[in-house]
Amino acid sequence: MTDALDRPRPARTRPAGPDRRSDIALVPLRAFLGITYAFAGLQKLASTSYLSPTATAGVAAQMRAAAHTSPIAGVLGTVQQHATVFGLLIAFGELAVGIGMILGLWTRAAAVGGMALALSFLLAVSWHSNPYYLGPDIVFLAAFTPFAIAPPSRWSVDGAVARRLRLERPNPSAPAPDEARRRFLETLTIAGWAGAVGLLGGGAVAAMGRLVGSTGGQAAGGAIRLHPPVAAVPNGSTTTAATTTGATTTGGTETPSTTPPATTIPGTAVGRASDVPVGGGAQFADPATGATAIVVQPTAGSFEACSAICTHEGCTLGYNGAVLQCPCHGAEFDPATGAVLQGPAEQPLATLKIRSAADGNLYVEA
Ligand code: FES
């Protein structure tokens with residue numbers, strides 16, 4: 001008995017792979033990234049305005065707006081031509097990254113995909129965030145990095161498959177010759193099922209979104225775009241001068257007849273006033289910069305115009321009948337003054353002088 005107690009105990013061996021506590025430490029972050037990206041993808045697919053070429057909250061409008069400020073403006077200019085395809089790629093890409101991160105399935109590939117999406121959003125949209133840490137994309141880019149570097153966690157599908165194959169090794173200390181191939185094929189099968197569920201789920205969410213959108217009205221931010229002005233007027237001042245059109249004779253006295261008094265319209269016609277609904281808004285290109293602007297008509301006959309580019313990170317603003325709203329992070333602006341009514345934006349919008357003229361057009365003054 002004494003011998004047994006005195007006998008030295010075998011040293012406790014640590015399990016192979018990362019320590020359990022450090023292994024579980026990243027699980028909450030992985031869950032957050034996965035849920036957030038899956039939700040973002042599904043939200044885009046469900047939106048009736050996301051793929052609309054004219055909606056202010058649409059991917060096409062966001063690309064148009066970003067093309068004026070982004071360091072990859074040239075790329076965005078090309079991509080704009082295929083905004084719907086890229087919009088779908090982004091939405092399904094986010095969904096795939098989200099599912100991969102939630103399950104821990106092909107975690108490194110999902111993390112690299114998440115980094116690529118975050119980097120593209122950073123370059124396209126939040127490049128000018130000031131200070132830089134207020135932009136979320138740079139934070140997402142950093143948050144994905146550990147998962148692109150670290151080995152598979154035991155709390156993941158990747159880790160579970162690897163562990164099971166390790167237990168089946170004929171020689172526990174050496175991998176079986178076909179272990180890597182079997183691991184790939186097993187995770188490929190699971191990825192196929194997860195992809196099919198993702199595709200079906202994404203399609204169902206998109207269909208439901210359109211069903212609800214078509215019965216419940218257009219999603220917020222679906223502003224129209226102004227049509228070209230009637231009898232387009234060249235840039236600069238336009239003058240309708242008083243002109244003599246003939247003469248009438250009254251009681252032997254010849255009196256020249258003229259058109260109505262001269263009207264001077266300084267500025268550039270940007271579209272038809274009748275295209276802007278009362279209580280609604282419409283986009284147009286700012287004649288001075290080419291950037292997207294928005295004109296609203298809060299009450300019949302009164303027009304106000306501002307830049308439609310959110311000063312936070314450059315998303316295109318919509319109008320809810322009272323304020324200009326940003327679909328990205330919820331900032332609100334006063335369309336009359338451009339003032340910030342609600343953050344996170346801090347800088348006001350540039351306002352434009354606009355007025356309607358008798359010819360039915362809206363003119364932006366220089
Ligand atoms: S882009 Fe962030 S609030 Fe508008």
# chains A, B, ... in the order shown; residues from 1 in each chain; ligands from 1
>>> residues_near_ligand(ligand="ligand 1", cutoff="12 Å", atoms="only C-alpha atoms and all ligand atoms", output="VMD selection string")
chain A and resid 56 to 57 62 65 to 66 121 to 122 124 to 130 134 to 137 308 to 318 324 to 333 340 to 349
>>> residues_around(residues="Val323 (chain A)", least_positions_apart="2", cutoff="6 Å", atoms="only C-alpha atoms", output="PyMOL selection string")
chain A and resi 319-320+333-334
>>> write_last_selection(atoms="C-alpha atoms", output="mmCIF file, in the first residue's frame")
data_model
loop_
_atom_site.group_PDB
_atom_site.id
_atom_site.type_symbol
_atom_site.label_atom_id
_atom_site.label_comp_id
_atom_site.auth_asym_id
_atom_site.auth_seq_id
_atom_site.Cartn_x
_atom_site.Cartn_y
_atom_site.Cartn_z
ATOM 1 C CA TYR A 319 -36.020 61.202 -47.421
ATOM 2 C CA ASN A 320 -38.820 60.100 -45.114
ATOM 3 C CA PHE A 333 -30.092 65.668 -41.532
ATOM 4 C CA ASP A 334 -32.328 68.711 -41.937
#
>>> closest_residue(among="A:Ala336, A:Val295, A:Ile149, A:Ala31", to="Arg272 (chain A)", atoms="only C-alpha atoms")
A:Val295
>>> residues_around(residues="Leu26 (chain A)", least_positions_apart="6", cutoff="9 Å", atoms="only C-alpha atoms", output="JSON, numbers by chain")
{"A": [146, 147, 153]}
>>> closest_residue(among="A:Val276, A:Met115, A:Val27, A:Ala358", to="Ala142 (chain A)", atoms="only C-alpha atoms")
A:Met115
>>> atom_distance(atom1="CA of Ser70 (chain A)", atom2="CA of Gly267 (chain A)")
28.4 Å
